[in-house]
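Below is upload-v8.txt, which holds compact mmCIF, C-alpha atoms.
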# COMPACT_ATOMS: atom_id res chain seq x y z
CA MET Y 20 56.12 176.91 243.02
CA LYS Y 21 54.31 177.06 239.66
CA GLY Y 22 55.34 173.49 239.00
CA PHE Y 23 53.98 172.40 242.37
CA ILE Y 24 50.65 174.12 241.71
CA PHE Y 25 50.53 172.48 238.26
CA LEU Y 26 51.18 169.08 239.83
CA ILE Y 27 48.49 169.58 242.47
CA GLY Y 28 46.07 170.82 239.79
CA SER Y 29 46.84 167.85 237.56
CA PHE Y 30 46.30 165.44 240.44
CA LEU Y 31 42.95 167.03 241.27
CA LEU Y 32 41.86 166.90 237.63
CA ILE Y 33 42.85 163.28 237.29
CA SER Y 34 41.14 162.28 240.54
CA CYS Y 35 37.91 164.12 239.52
CA ALA Y 36 37.98 162.56 236.08
CA ALA Y 37 38.32 159.00 237.31
CA LEU Y 38 35.35 156.76 238.07
CA PRO Y 39 35.25 155.89 241.76
CA ALA Y 40 36.86 152.55 242.44
CA ILE Y 41 34.60 149.60 243.25
CA ARG Y 42 35.90 146.84 245.50
CA PRO Y 43 34.56 143.32 245.91
CA VAL Y 44 32.41 142.72 248.98
CA PRO Y 45 34.33 140.58 251.46
CA ASN Y 46 32.87 137.10 251.89
CA LEU Y 47 30.10 137.74 249.34
CA ALA Y 48 29.93 136.55 245.75
CA GLU Y 49 29.15 139.31 243.23
CA LYS Y 50 26.03 137.47 242.06
CA ASN Y 51 24.56 137.75 245.56
CA ILE Y 52 24.84 141.55 245.63
CA ILE Y 53 21.42 143.17 245.13
CA CYS Y 54 21.47 146.34 243.04
CA PRO Y 55 19.26 149.14 244.38
CA SER Y 56 16.53 149.84 241.85
CA PRO Y 57 14.43 152.96 242.42
CA PHE Y 58 13.23 152.92 238.82
CA LEU Y 59 9.70 152.87 237.47
CA THR Y 60 7.97 149.57 236.90
CA GLY Y 61 4.63 150.92 235.65
CA LYS Y 62 3.19 153.82 233.71
CA ILE Y 63 2.98 156.93 235.87
CA ARG Y 64 2.31 160.67 235.80
CA LEU Y 65 4.24 162.90 238.21
CA ILE Y 66 3.93 166.61 238.92
CA HIS Y 67 6.91 168.27 240.60
CA ALA Y 68 7.82 171.75 241.73
CA ILE Y 69 11.26 172.32 240.21
CA GLU Y 70 13.67 174.78 241.79
CA VAL Y 71 16.39 175.78 239.34
CA ARG Y 72 19.75 176.78 240.83
CA ALA Y 73 22.81 178.14 239.08
CA ALA Y 74 25.92 179.77 240.53
CA GLY Y 75 24.71 178.68 243.97
CA GLN Y 76 21.53 180.77 243.79
CA VAL Y 77 17.91 179.92 243.14
CA GLN Y 78 17.06 181.29 239.70
CA THR Y 79 13.42 180.33 239.34
CA VAL Y 80 10.77 177.75 240.23
CA MET Y 81 8.71 175.87 237.66
CA ILE Y 82 6.12 173.12 237.54
CA GLY Y 83 7.13 169.97 235.71
CA VAL Y 84 4.75 167.26 234.51
CA THR Y 85 6.20 163.96 233.36
CA MET Y 86 4.33 160.92 232.12
CA MET Y 87 6.43 157.84 231.55
CA ASP Y 88 6.00 154.31 230.30
CA PRO Y 89 9.01 152.22 231.38
CA VAL Y 90 8.10 149.37 229.01
CA THR Y 91 8.30 151.45 225.82
CA ARG Y 92 10.61 154.03 227.44
CA THR Y 93 8.23 156.73 226.26
CA ILE Y 94 8.49 160.07 228.08
CA SER Y 95 5.99 162.92 227.76
CA CYS Y 96 6.86 166.07 229.63
CA ALA Y 97 5.76 169.65 230.09
CA LEU Y 98 7.28 172.61 231.88
CA MET Y 99 5.11 175.42 233.21
CA SER Y 100 5.86 178.65 234.99
CA ALA Y 101 4.59 178.91 238.57
CA GLU Y 102 1.68 180.88 237.07
CA GLY Y 103 0.78 177.98 234.77
CA VAL Y 104 2.13 179.31 231.48
CA ALA Y 105 3.16 176.31 229.35
CA LEU Y 106 6.79 176.85 228.39
CA PHE Y 107 7.82 173.52 226.96
CA GLU Y 108 6.13 170.30 225.82
CA ALA Y 109 7.76 167.29 224.23
CA VAL Y 110 7.47 163.54 223.78
CA SER Y 111 10.35 161.11 223.43
CA GLY Y 112 10.03 157.42 222.62
CA PRO Y 113 10.69 154.73 220.08
CA ASP Y 114 9.68 157.15 217.29
CA GLY Y 115 12.22 159.74 218.41
CA LEU Y 116 11.88 163.16 219.98
CA LYS Y 117 9.02 165.49 219.13
CA VAL Y 118 8.87 169.01 220.60
CA SER Y 119 5.40 170.53 220.36
CA ARG Y 120 6.06 173.74 222.29
CA ALA Y 121 9.28 175.49 223.26
CA LEU Y 122 9.28 179.12 224.30
CA PRO Y 123 12.65 180.85 224.79
CA PRO Y 124 15.01 179.89 226.42
CA PHE Y 125 13.66 176.34 226.18
CA ASP Y 126 14.00 176.45 222.38
CA ALA Y 127 17.81 176.05 222.59
CA ALA Y 128 19.15 173.46 220.18
CA ASP Y 129 19.99 170.65 222.58
CA PHE Y 130 17.71 171.52 225.51
CA ALA Y 131 14.96 169.01 224.69
CA GLN Y 132 17.32 166.05 224.25
CA LYS Y 133 19.26 166.86 227.41
CA MET Y 134 16.05 167.18 229.39
CA MET Y 135 14.80 163.82 228.12
CA ASP Y 136 18.19 162.27 228.97
CA ASP Y 137 17.89 163.63 232.52
CA ILE Y 138 14.36 162.26 232.93
CA ASP Y 139 15.51 158.90 231.54
CA LEU Y 140 18.40 158.84 234.02
CA ILE Y 141 16.20 159.60 237.03
CA PHE Y 142 13.19 157.41 236.35
CA LEU Y 143 14.01 154.60 233.92
CA ALA Y 144 16.21 151.59 234.66
CA PRO Y 145 19.54 152.15 232.93
CA ARG Y 146 20.22 150.20 229.77
CA GLY Y 147 23.55 148.62 229.04
CA ALA Y 148 25.62 145.82 230.41
CA LEU Y 149 26.08 145.47 234.16
CA THR Y 150 29.86 145.56 234.39
CA GLU Y 151 30.62 145.71 238.11
CA LYS Y 152 29.05 145.12 241.51
CA GLY Y 153 30.73 145.81 244.79
CA ILE Y 154 31.29 148.50 247.39
CA PHE Y 155 32.85 151.93 247.41
CA ALA Y 156 35.69 152.75 249.77
CA THR Y 157 33.01 154.29 252.01
CA GLY Y 158 31.15 150.97 252.17
CA GLU Y 159 28.01 151.59 250.07
CA THR Y 160 26.92 148.82 247.73
CA VAL Y 161 27.13 149.97 244.11
CA CYS Y 162 26.23 148.61 240.69
CA ARG Y 163 27.89 149.99 237.56
CA ARG Y 164 26.59 149.77 234.02
CA HIS Y 165 28.25 150.65 230.75
CA LYS Y 166 25.75 152.46 228.62
CA GLU Y 167 25.49 152.70 224.85
CA PRO Y 168 26.85 154.57 222.92
CA GLY Y 169 29.29 155.35 225.73
CA GLY Y 170 29.51 156.27 229.38
CA TRP Y 171 28.88 154.78 232.79
CA ILE Y 172 26.01 154.80 235.26
CA ASP Y 173 26.50 154.02 238.96
CA VAL Y 174 23.54 153.35 241.25
CA TRP Y 175 24.03 152.99 244.99
CA GLN Y 176 22.27 153.48 248.29
CA GLY Y 177 23.86 155.76 250.85
CA HIS Y 178 24.16 154.91 254.52
CA ASP Y 179 21.27 157.36 255.13
CA GLY Y 180 19.00 155.38 252.78
CA ALA Y 181 19.11 157.92 249.94
CA ILE Y 182 19.58 156.49 246.46
CA HIS Y 183 22.28 157.97 244.24
CA ILE Y 184 22.52 157.75 240.47
CA CYS Y 185 25.62 159.11 238.74
CA ARG Y 186 26.30 159.35 235.06
CA TYR Y 187 29.87 159.58 233.81
CA SER Y 188 31.29 160.09 230.35
CA GLU Y 189 33.19 157.26 228.72
CA GLY Y 190 36.38 158.90 230.00
CA GLY Y 191 35.00 158.98 233.55
CA ARG Y 192 33.97 162.66 233.86
CA LEU Y 193 30.98 163.12 236.16
CA GLN Y 194 28.12 164.57 234.10
CA ARG Y 195 25.06 164.11 236.31
CA SER Y 196 24.55 163.29 239.95
CA VAL Y 197 21.03 162.44 241.17
CA THR Y 198 20.00 161.99 244.80
CA LEU Y 199 16.64 160.47 245.67
CA ALA Y 200 16.34 161.45 249.32
CA GLY Y 201 13.21 159.35 249.93
CA GLY Y 202 15.17 156.15 249.30
CA LEU Y 203 13.54 153.09 247.82
CA ALA Y 204 10.28 153.63 249.73
CA ASN Y 205 9.49 157.02 248.23
CA PRO Y 206 12.09 157.71 245.56
CA TYR Y 207 10.40 160.57 243.68
CA SER Y 208 9.31 162.70 246.64
CA THR Y 209 12.50 164.78 246.54
CA ILE Y 210 14.93 164.63 243.65
CA ASP Y 211 18.17 166.57 243.56
CA LEU Y 212 19.93 166.66 240.18
CA GLN Y 213 23.37 168.23 239.83
CA ALA Y 214 24.50 168.85 236.27
CA SER Y 215 28.09 169.46 235.20
CA GLU Y 216 27.86 171.47 232.01
CA ARG Y 217 29.57 174.53 230.56
CA VAL Y 218 27.49 176.35 233.18
CA ASP Y 219 26.77 174.02 236.10
CA TYR Y 220 23.21 173.94 237.38
CA SER Y 221 21.06 171.95 239.77
CA LEU Y 222 17.39 171.06 239.98
CA MET Y 223 15.59 170.39 243.24
CA MET Y 224 12.32 168.62 242.47
CA THR Y 225 9.59 168.28 245.09
CA LEU Y 226 6.65 166.00 244.35
CA ILE Y 227 3.26 167.72 244.14
CA GLU Y 228 1.20 164.85 242.77
CA SER Y 229 1.68 161.27 241.61
CA GLU Y 230 -0.79 159.16 239.68
CA ALA Y 231 -0.59 155.68 238.16
CA VAL Y 232 -1.69 155.86 234.53
CA ARG Y 233 -4.03 153.14 233.40
CA ASP Y 234 -5.34 154.55 230.16
CA GLU Y 235 -4.92 157.45 227.79
CA PRO Y 236 -5.14 160.93 229.32
CA GLN Y 237 -8.52 162.57 229.01
CA ARG Y 238 -9.06 165.63 226.91
CA LYS Y 239 -10.17 168.96 228.26
CA GLU Y 240 -13.46 169.18 230.13
CA MET O 190 -32.82 195.07 183.78
CA ILE O 191 -33.27 198.36 185.64
CA GLN O 192 -35.14 196.45 188.40
CA ILE O 193 -32.28 194.01 188.84
CA ALA O 194 -29.83 196.93 189.07
CA SER O 195 -32.06 198.60 191.70
CA MET O 196 -32.33 195.38 193.70
CA LYS O 197 -28.58 195.03 193.60
CA LYS O 198 -28.27 198.60 194.95
CA VAL O 199 -30.79 197.93 197.74
CA PHE O 200 -29.03 194.68 198.60
CA LEU O 201 -25.70 196.49 198.68
CA VAL O 202 -27.08 199.24 200.96
CA LEU O 203 -28.62 196.61 203.28
CA LEU O 204 -25.33 194.75 203.39
CA ILE O 205 -23.45 197.93 204.29
CA LEU O 206 -26.03 198.74 206.97
CA LEU O 207 -25.75 195.23 208.40
CA MET O 208 -22.01 195.61 208.57
CA LEU O 209 -22.10 199.09 210.07
CA VAL O 210 -24.82 198.66 212.67
CA PRO O 211 -23.10 195.89 214.68
CA ALA O 212 -19.88 197.85 214.52
CA SER O 213 -21.50 200.94 216.04
CA VAL O 214 -23.25 198.80 218.67
CA ARG O 215 -19.92 197.15 219.44
CA ALA O 216 -18.19 200.50 219.84
CA ASP O 217 -21.04 201.68 222.13
CA ASN O 218 -20.76 198.53 224.24
CA PHE O 219 -17.02 198.89 224.67
CA GLU O 220 -17.55 202.55 225.55
CA ARG O 221 -20.19 201.55 228.13
CA LEU O 222 -17.75 199.00 229.59
CA ARG O 223 -15.07 201.67 229.82
CA ARG O 224 -17.51 204.04 231.57
CA ASP O 225 -18.66 201.33 234.01
CA SER O 226 -15.10 200.21 234.71
CA SER O 227 -14.00 203.77 235.42
CA ARG O 228 -16.08 203.57 238.61
CA ILE O 229 -13.78 200.80 239.86
CA SER O 230 -10.86 202.10 241.89
CA THR O 231 -9.85 198.87 243.67
CA ILE O 232 -10.54 195.15 243.35
CA SER O 233 -9.53 192.34 245.65
CA ALA O 234 -10.50 188.75 244.94
CA ASP O 235 -9.58 185.12 245.40
CA PHE O 236 -8.98 183.16 242.25
CA VAL O 237 -8.94 179.52 241.21
CA GLN O 238 -6.96 178.68 238.11
CA LYS O 239 -7.40 175.45 236.18
CA LYS O 240 -4.80 174.41 233.66
CA PHE O 241 -5.88 171.91 231.02
CA MET O 242 -3.24 170.09 229.00
CA LYS O 243 -3.13 166.87 227.01
CA ILE O 244 -0.52 165.45 229.40
CA LEU O 245 -2.80 165.99 232.44
CA SER O 246 -5.64 163.60 233.25
CA LYS O 247 -7.36 166.29 235.30
CA PRO O 248 -6.76 170.02 235.42
CA LEU O 249 -3.89 171.35 237.50
CA VAL O 250 -5.55 173.63 240.03
CA SER O 251 -3.80 176.72 241.37
CA GLU O 252 -5.21 179.15 243.91
CA GLY O 253 -4.36 182.61 245.06
CA LYS O 254 -5.30 186.21 245.61
CA PHE O 255 -5.60 189.15 243.27
CA TYR O 256 -5.38 192.85 244.14
CA TYR O 257 -5.80 195.83 241.84
CA THR O 258 -5.72 199.56 242.43
CA ALA O 259 -6.39 201.89 239.51
CA PRO O 260 -4.72 202.74 237.28
CA ASP O 261 -2.07 200.01 237.12
CA SER O 262 -1.08 198.52 240.50
CA ILE O 263 -1.49 194.74 240.60
CA ARG O 264 -0.55 191.97 242.98
CA TRP O 265 -1.03 188.48 241.56
CA GLU O 266 -0.31 185.98 244.31
CA TYR O 267 -0.36 182.18 244.02
CA SER O 268 -0.56 180.13 247.20
CA GLN O 269 -1.05 176.66 245.66
CA PRO O 270 0.61 174.50 244.39
CA ILE O 271 3.67 176.79 244.28
CA LYS O 272 3.91 180.07 246.14
CA SER O 273 4.73 182.96 243.84
CA VAL O 274 3.95 186.67 243.79
CA VAL O 275 4.07 189.11 240.91
CA ILE O 276 3.81 192.77 241.86
CA SER O 277 3.42 195.57 239.38
CA ASP O 278 3.42 199.11 240.73
CA LYS O 279 4.26 202.44 239.09
CA GLY O 280 5.57 200.68 235.98
CA ASN O 281 7.93 198.46 237.97
CA THR O 282 7.27 194.71 237.93
CA LYS O 283 8.91 192.13 240.21
CA ARG O 284 8.34 188.41 240.53
CA TYR O 285 9.03 186.46 243.71
CA ILE O 286 9.12 182.72 244.31
CA ALA O 287 9.16 180.67 247.50
CA SER O 288 12.44 178.97 248.34
CA GLY O 289 13.59 177.60 251.67
CA GLY O 290 10.62 179.07 253.50
CA LYS O 291 11.08 182.64 252.23
CA MET O 292 10.19 184.62 249.15
CA ILE O 293 13.10 185.47 246.86
CA GLU O 294 13.21 187.53 243.70
CA ASP O 295 13.16 185.63 240.44
CA LYS O 296 16.52 186.00 238.67
CA THR O 297 15.30 185.04 235.19
CA GLY O 298 13.42 187.17 232.71
CA GLY O 299 10.13 185.92 234.16
CA ALA O 300 9.28 189.28 235.69
CA GLN O 301 9.52 191.09 232.37
CA ALA O 302 7.32 188.47 230.70
CA MET O 303 4.81 188.90 233.51
CA LYS O 304 4.95 192.71 233.14
CA ILE O 305 3.53 192.36 229.64
CA VAL O 306 0.72 190.17 231.02
CA LEU O 307 -0.02 192.43 234.00
CA ASP O 308 -0.07 195.58 231.88
CA GLU O 309 -2.69 193.86 229.76
CA VAL O 310 -4.67 192.76 232.83
CA ALA O 311 -4.56 196.32 234.24
CA GLY O 312 -6.00 197.52 230.93
CA TRP O 313 -8.86 195.01 231.19
CA MET O 314 -9.60 196.09 234.76
CA SER O 315 -10.10 199.65 233.57
CA GLY O 316 -12.28 198.53 230.66
CA LYS O 317 -9.62 198.97 227.96
CA PHE O 318 -10.23 195.89 225.87
CA THR O 319 -9.54 197.43 222.47
CA SER O 320 -6.35 199.37 223.19
CA ASN O 321 -3.84 196.61 222.43
CA PRO O 322 -3.17 196.51 218.67
CA SER O 323 -1.93 192.90 219.03
CA PHE O 324 -5.54 191.76 219.53
CA THR O 325 -8.89 192.32 217.91
CA ALA O 326 -11.70 192.50 220.44
CA THR O 327 -15.28 191.34 219.97
CA LEU O 328 -18.04 191.61 222.52
CA LYS O 329 -21.08 189.42 223.19
CA GLU O 330 -23.84 190.44 225.58
CA GLY O 331 -25.71 187.84 227.60
CA SER O 332 -26.31 187.30 231.28
CA ASN O 333 -22.70 188.50 231.51
CA THR O 334 -20.62 190.34 228.95
CA GLN O 335 -18.06 188.24 227.11
CA ILE O 336 -15.10 189.84 225.37
CA THR O 337 -13.02 187.74 223.03
CA LEU O 338 -9.50 188.86 222.17
CA THR O 339 -7.96 187.25 219.11
CA PRO O 340 -4.27 187.79 218.28
CA VAL O 341 -3.56 189.80 215.16
CA GLY O 342 -0.68 188.67 212.96
CA LYS O 343 1.77 185.94 213.75
CA SER O 344 3.51 187.34 216.83
CA MET O 345 1.49 185.07 219.13
CA ALA O 346 1.21 182.13 216.73
CA GLY O 347 1.57 178.89 218.66
CA MET O 348 1.23 180.70 222.00
CA ILE O 349 -2.32 182.02 222.29
CA GLU O 350 -5.29 181.27 220.05
CA LYS O 351 -7.73 183.51 221.91
CA ILE O 352 -8.59 185.02 225.28
CA GLU O 353 -12.16 185.14 226.57
CA ILE O 354 -12.92 187.56 229.38
CA THR O 355 -16.27 187.43 231.15
CA VAL O 356 -17.36 190.66 232.80
CA THR O 357 -20.34 190.91 235.17
CA ARG O 358 -23.12 193.19 233.96
CA LYS O 359 -23.77 194.27 237.55
CA ASP O 360 -20.55 196.15 238.25
CA ALA O 361 -18.30 195.56 235.19
CA SER O 362 -15.80 193.56 237.26
CA ILE O 363 -14.03 190.61 235.65
CA LYS O 364 -15.62 187.27 236.53
CA SER O 365 -13.38 184.87 234.62
CA VAL O 366 -10.60 184.67 232.04
CA ARG O 367 -10.11 181.79 229.63
CA ILE O 368 -6.82 181.65 227.72
CA VAL O 369 -6.89 179.15 224.88
CA GLU O 370 -3.33 178.20 223.98
CA SER O 371 -4.09 175.39 221.53
CA ALA O 372 -6.73 172.76 220.77
CA THR O 373 -5.50 170.73 223.75
CA ALA O 374 -4.30 173.38 226.19
CA GLU O 375 -6.08 176.18 227.98
CA THR O 376 -6.13 178.07 231.26
CA ARG O 377 -9.29 179.16 233.06
CA ILE O 378 -9.20 181.63 235.91
CA ASP O 379 -12.33 182.18 238.00
CA PHE O 380 -12.47 185.11 240.39
CA GLN O 381 -14.38 184.63 243.64
CA HIS O 382 -15.23 186.76 246.68
CA VAL O 383 -14.71 189.88 244.61
CA VAL O 384 -14.63 193.08 246.66
CA ILE O 385 -14.79 196.37 244.80
CA ASN O 386 -13.77 199.86 245.91
CA GLN O 387 -12.56 198.95 249.39
CA GLU O 388 -9.28 200.52 250.37
CA ILE O 389 -6.17 198.43 249.71
CA GLN O 390 -3.04 199.41 251.60
CA PRO O 391 -0.22 200.59 249.27
CA SER O 392 2.11 198.11 251.00
CA VAL O 393 0.22 195.28 249.26
CA PHE O 394 1.95 196.40 246.04
CA GLN O 395 5.36 196.79 247.67
CA ASP O 396 5.87 194.11 250.31
CA VAL O 397 6.07 190.47 249.36
CA GLN O 398 5.37 188.76 252.65
Translate this structure into structure tokens?
Amino acid sequence: MKGFIFLIGSFLLISCAALPAIRPVPNLAEKNIICPSPFLTGKIRLIHAIEVRAAGQVQTVMIGVTMMDPVTRTISCALMSAEGVALFEAVSGPDGLKVSRALPPFDAADFAQKMMDDIDLIFLAPRGALTEKGIFATGETVCRRHKEPGGWIDVWQGHDGAIHICRYSEGGRLQRSVTLAGGLANPYSTIDLQASERVDYSLMMTLIESEAVRDEPQRKE
Amino acid sequence: MIQIASMKKVFLVLLILLMLVPASVRADNFERLRRDSSRISTISADFVQKKFMKILSKPLVSEGKFYYTAPDSIRWEYSQPIKSVVISDKGNTKRYIASGGKMIEDKTGGAQAMKIVLDEVAGWMSGKFTSNPSFTATLKEGSNTQITLTPVGKSMAGMIEKIEITVTRKDASIKSVRIVESATAETRIDFQHVVINQEIQPSVFQDVQ
């Protein structure tokens, strides 16, 4: 019996660890497959309400401000409590990561980098070589990239129109799963991010305000 | 030589007087504020909060309602852009957030952080601006009274540079609060439709909905 359970467990582990298989599209050359691209094309500032869930329960709600430039891949972000207390502020770009404010628990060693990686995954077109185009067993068209220094990113559009972005480790373990429920028409209206970490968590982001950025942000009044 | 010594003495006495007189005036003014505030038993008000940050092109505006019953019951309720309620009553503070159309209790340490803030706010409402040893308080009289709280020591370094509280001369109620976090970040809260000494039901400090 123990051996059977071990076998079942091993099978489940292996199947979870593997990247989903991509098949060629019948009667369609790979070059003619169009990859869904919900990613930013211009500089923008977004304000979201962020619901943080862990262990299946809502833990808290915060306000997140992100300003991004897809050309330079520069990300500025701030997290505030619902009452407007600034908890975290950082900028990431060609000059590296600079944290200007981080109150506990947002001062944890790798929090800032992981947050920037999540923002990059959601909003900026993935870098790395496009390695595969095709369809999943369920029929959705998918494009897979191999990212540097390692790992895989799949982008596909579900039958319901929602866009999905998944990040896997080099070995194929699912690390992040993003669902943009608004599809290509309104990708940032509702963002659901599921994170597989030591303690799994999820973020449900609801757009409060969106603004194209044409120049430098103004200072205080 | 004797004249120079005498002048030095006079100068020294004048200097001491100049230092002492404003201090006594300041103490009197804070005492007056405490006396005036002691007449306040309840406050209800709407508030508009504007958050200024370098990352924002225009301030992030939040709105809500504020309720206070002396000595320390507070309900701080945001309706925009995110619904949240912090209730402090009889030393017990709880924070609620909107999720799935209902209010649920915050599971993080947010409530305890807010307790510190609300205890401070309750102190201000009863005119106690000088009781927190973490701040030094100065007072400036004008058309309204402005109290400036500056953090003492390094415990608030990088968090708060100063807090400015404007109190109306008419009834000693708080008109606005400005929290300066850094050179590029601050929060301004303006209280409107302030109603003083009208009965507030105890359930306001117990029920979330």
key: Expected answer as a PyMOL selection string: chain O residues within 6 Å of chain Y, all atoms listed in the file   = chain O and resi 241+246+295-296
Considering all atoms listed in the file, return as a PDB file with C-alpha atoms, in the coordinates of the input whatever protein or nucleic-acid residues lie within 9 Å of Met224 (chain Y), sequence-local ones (same chain, fewer than 2 positions apart) excluded.
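Ended up saving to around_19.pdb:
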ATOM      1  CA  HIS Y  67       6.910 168.270 240.600  1.00  0.00           C
ATOM      2  CA  ALA Y  68       7.820 171.750 241.730  1.00  0.00           C
ATOM      3  CA  ILE Y  69      11.260 172.320 240.210  1.00  0.00           C
ATOM      4  CA  GLU Y  70      13.670 174.780 241.790  1.00  0.00           C
ATOM      5  CA  VAL Y  71      16.390 175.780 239.340  1.00  0.00           C
ATOM      6  CA  GLY Y  83       7.130 169.970 235.710  1.00  0.00           C
ATOM      7  CA  TYR Y 207      10.400 160.570 243.680  1.00  0.00           C
ATOM      8  CA  SER Y 208       9.310 162.700 246.640  1.00  0.00           C
ATOM      9  CA  THR Y 209      12.500 164.780 246.540  1.00  0.00           C
ATOM     10  CA  ILE Y 210      14.930 164.630 243.650  1.00  0.00           C
ATOM     11  CA  ASP Y 211      18.170 166.570 243.560  1.00  0.00           C
ATOM     12  CA  LEU Y 212      19.930 166.660 240.180  1.00  0.00           C
ATOM     13  CA  LEU Y 222      17.390 171.060 239.980  1.00  0.00           C
ATOM     14  CA  LEU Y 226       6.650 166.000 244.350  1.00  0.00           C
TER      15      LEU Y 226
END
key: Best match for closeness to Phe58 (chain Y) among Y:Pro45, Y:Gly180, Y:Pro89, Y:Gly190, counting all atoms listed in the file   =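 Between Y:Pro45, Y:Gly180, Y:Pro89, Y:Gly190, the residue approaching Phe58 (chain Y) most closely is Y:Pro89.
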query = What is the distance between CA of Met348 (chain O) and CA of Gln381 (chain O), in Å to one decimal?
reply = 27.0 Å
ask   = For the atom pair CA of Thr231 (chain O) and CA of Ile286 (chain O), what is the interatomic distance in Å to one decimal place?
value =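 Computing it gives 24.9 Å between the two atoms.
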task = Compare O:Ile349, O:Ile336, O:Ile293, O:Ile368 by their minimum atom-to-atom distance to Ser323 (chain O), counting only C-alpha atoms, and give me the closest one.
result =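 Of O:Ile349, O:Ile336, O:Ile293, O:Ile368, the one nearest Ser323 (chain O) is O:Ile349, counting only C-alpha atoms.
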task = Fewer than 6 positions away in the same chain doesn't count, so skip those; otherwise give me all residues within 10 Å of region 255-269 of chain O, counting all atoms listed in the file, as a count of residues only.
result = 52
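Close to (-9.7, 182.6, 234.3), meaning no more than 10 Å away when counting only C-alpha atoms, sit the residues Phe236, Val237, Gln238, Lys239, Lys240, Ile352, Glu353, Ile354, Thr355, Ile363, Lys364, Ser365, Val366, Arg367, Ile368, Glu375, Thr376, Arg377, Ile378, Asp379 and Phe380 of chain O.
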Write out N, CA and C atoms for region 137-152 of chain Y, as a compact mmCIF listing (two decimals), keeping the file's coordinate frame.
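Just written: rebuild.txt:
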# COMPACT_ATOMS: atom_id res chain seq x y z
N ASP Y 137 17.94 163.50 231.06
CA ASP Y 137 17.89 163.63 232.52
C ASP Y 137 16.71 162.86 233.10
N ILE Y 138 15.55 162.98 232.45
CA ILE Y 138 14.36 162.26 232.93
C ILE Y 138 14.59 160.76 232.84
N ASP Y 139 15.18 160.33 231.74
CA ASP Y 139 15.51 158.90 231.54
C ASP Y 139 16.42 158.41 232.66
N LEU Y 140 17.43 159.22 232.98
CA LEU Y 140 18.40 158.84 234.02
C LEU Y 140 17.73 158.68 235.38
N ILE Y 141 16.83 159.61 235.70
CA ILE Y 141 16.20 159.60 237.03
C ILE Y 141 15.20 158.46 237.18
N PHE Y 142 14.37 158.26 236.15
CA PHE Y 142 13.19 157.41 236.35
C PHE Y 142 13.25 156.03 235.70
N LEU Y 143 14.04 155.87 234.66
CA LEU Y 143 14.01 154.60 233.92
C LEU Y 143 15.27 153.79 234.20
N ALA Y 144 15.08 152.49 234.37
CA ALA Y 144 16.21 151.59 234.66
C ALA Y 144 17.26 151.74 233.57
N PRO Y 145 18.52 151.92 233.96
CA PRO Y 145 19.54 152.15 232.93
C PRO Y 145 19.71 150.94 232.01
N ARG Y 146 19.96 151.27 230.74
CA ARG Y 146 20.22 150.20 229.77
C ARG Y 146 21.73 149.99 229.70
N GLY Y 147 22.12 148.90 229.16
CA GLY Y 147 23.55 148.62 229.04
C GLY Y 147 23.98 147.51 229.97
N ALA Y 148 25.14 146.99 229.68
CA ALA Y 148 25.62 145.82 230.41
C ALA Y 148 26.04 146.17 231.82
N LEU Y 149 25.64 145.32 232.77
CA LEU Y 149 26.08 145.47 234.16
C LEU Y 149 27.54 144.99 234.20
N THR Y 150 28.44 145.91 234.50
CA THR Y 150 29.86 145.56 234.39
C THR Y 150 30.52 145.28 235.74
N GLU Y 151 29.97 145.89 236.80
CA GLU Y 151 30.62 145.71 238.11
C GLU Y 151 29.61 145.82 239.24
N LYS Y 152 29.80 145.01 240.25
CA LYS Y 152 29.05 145.12 241.51
C LYS Y 152 30.07 145.08 242.64
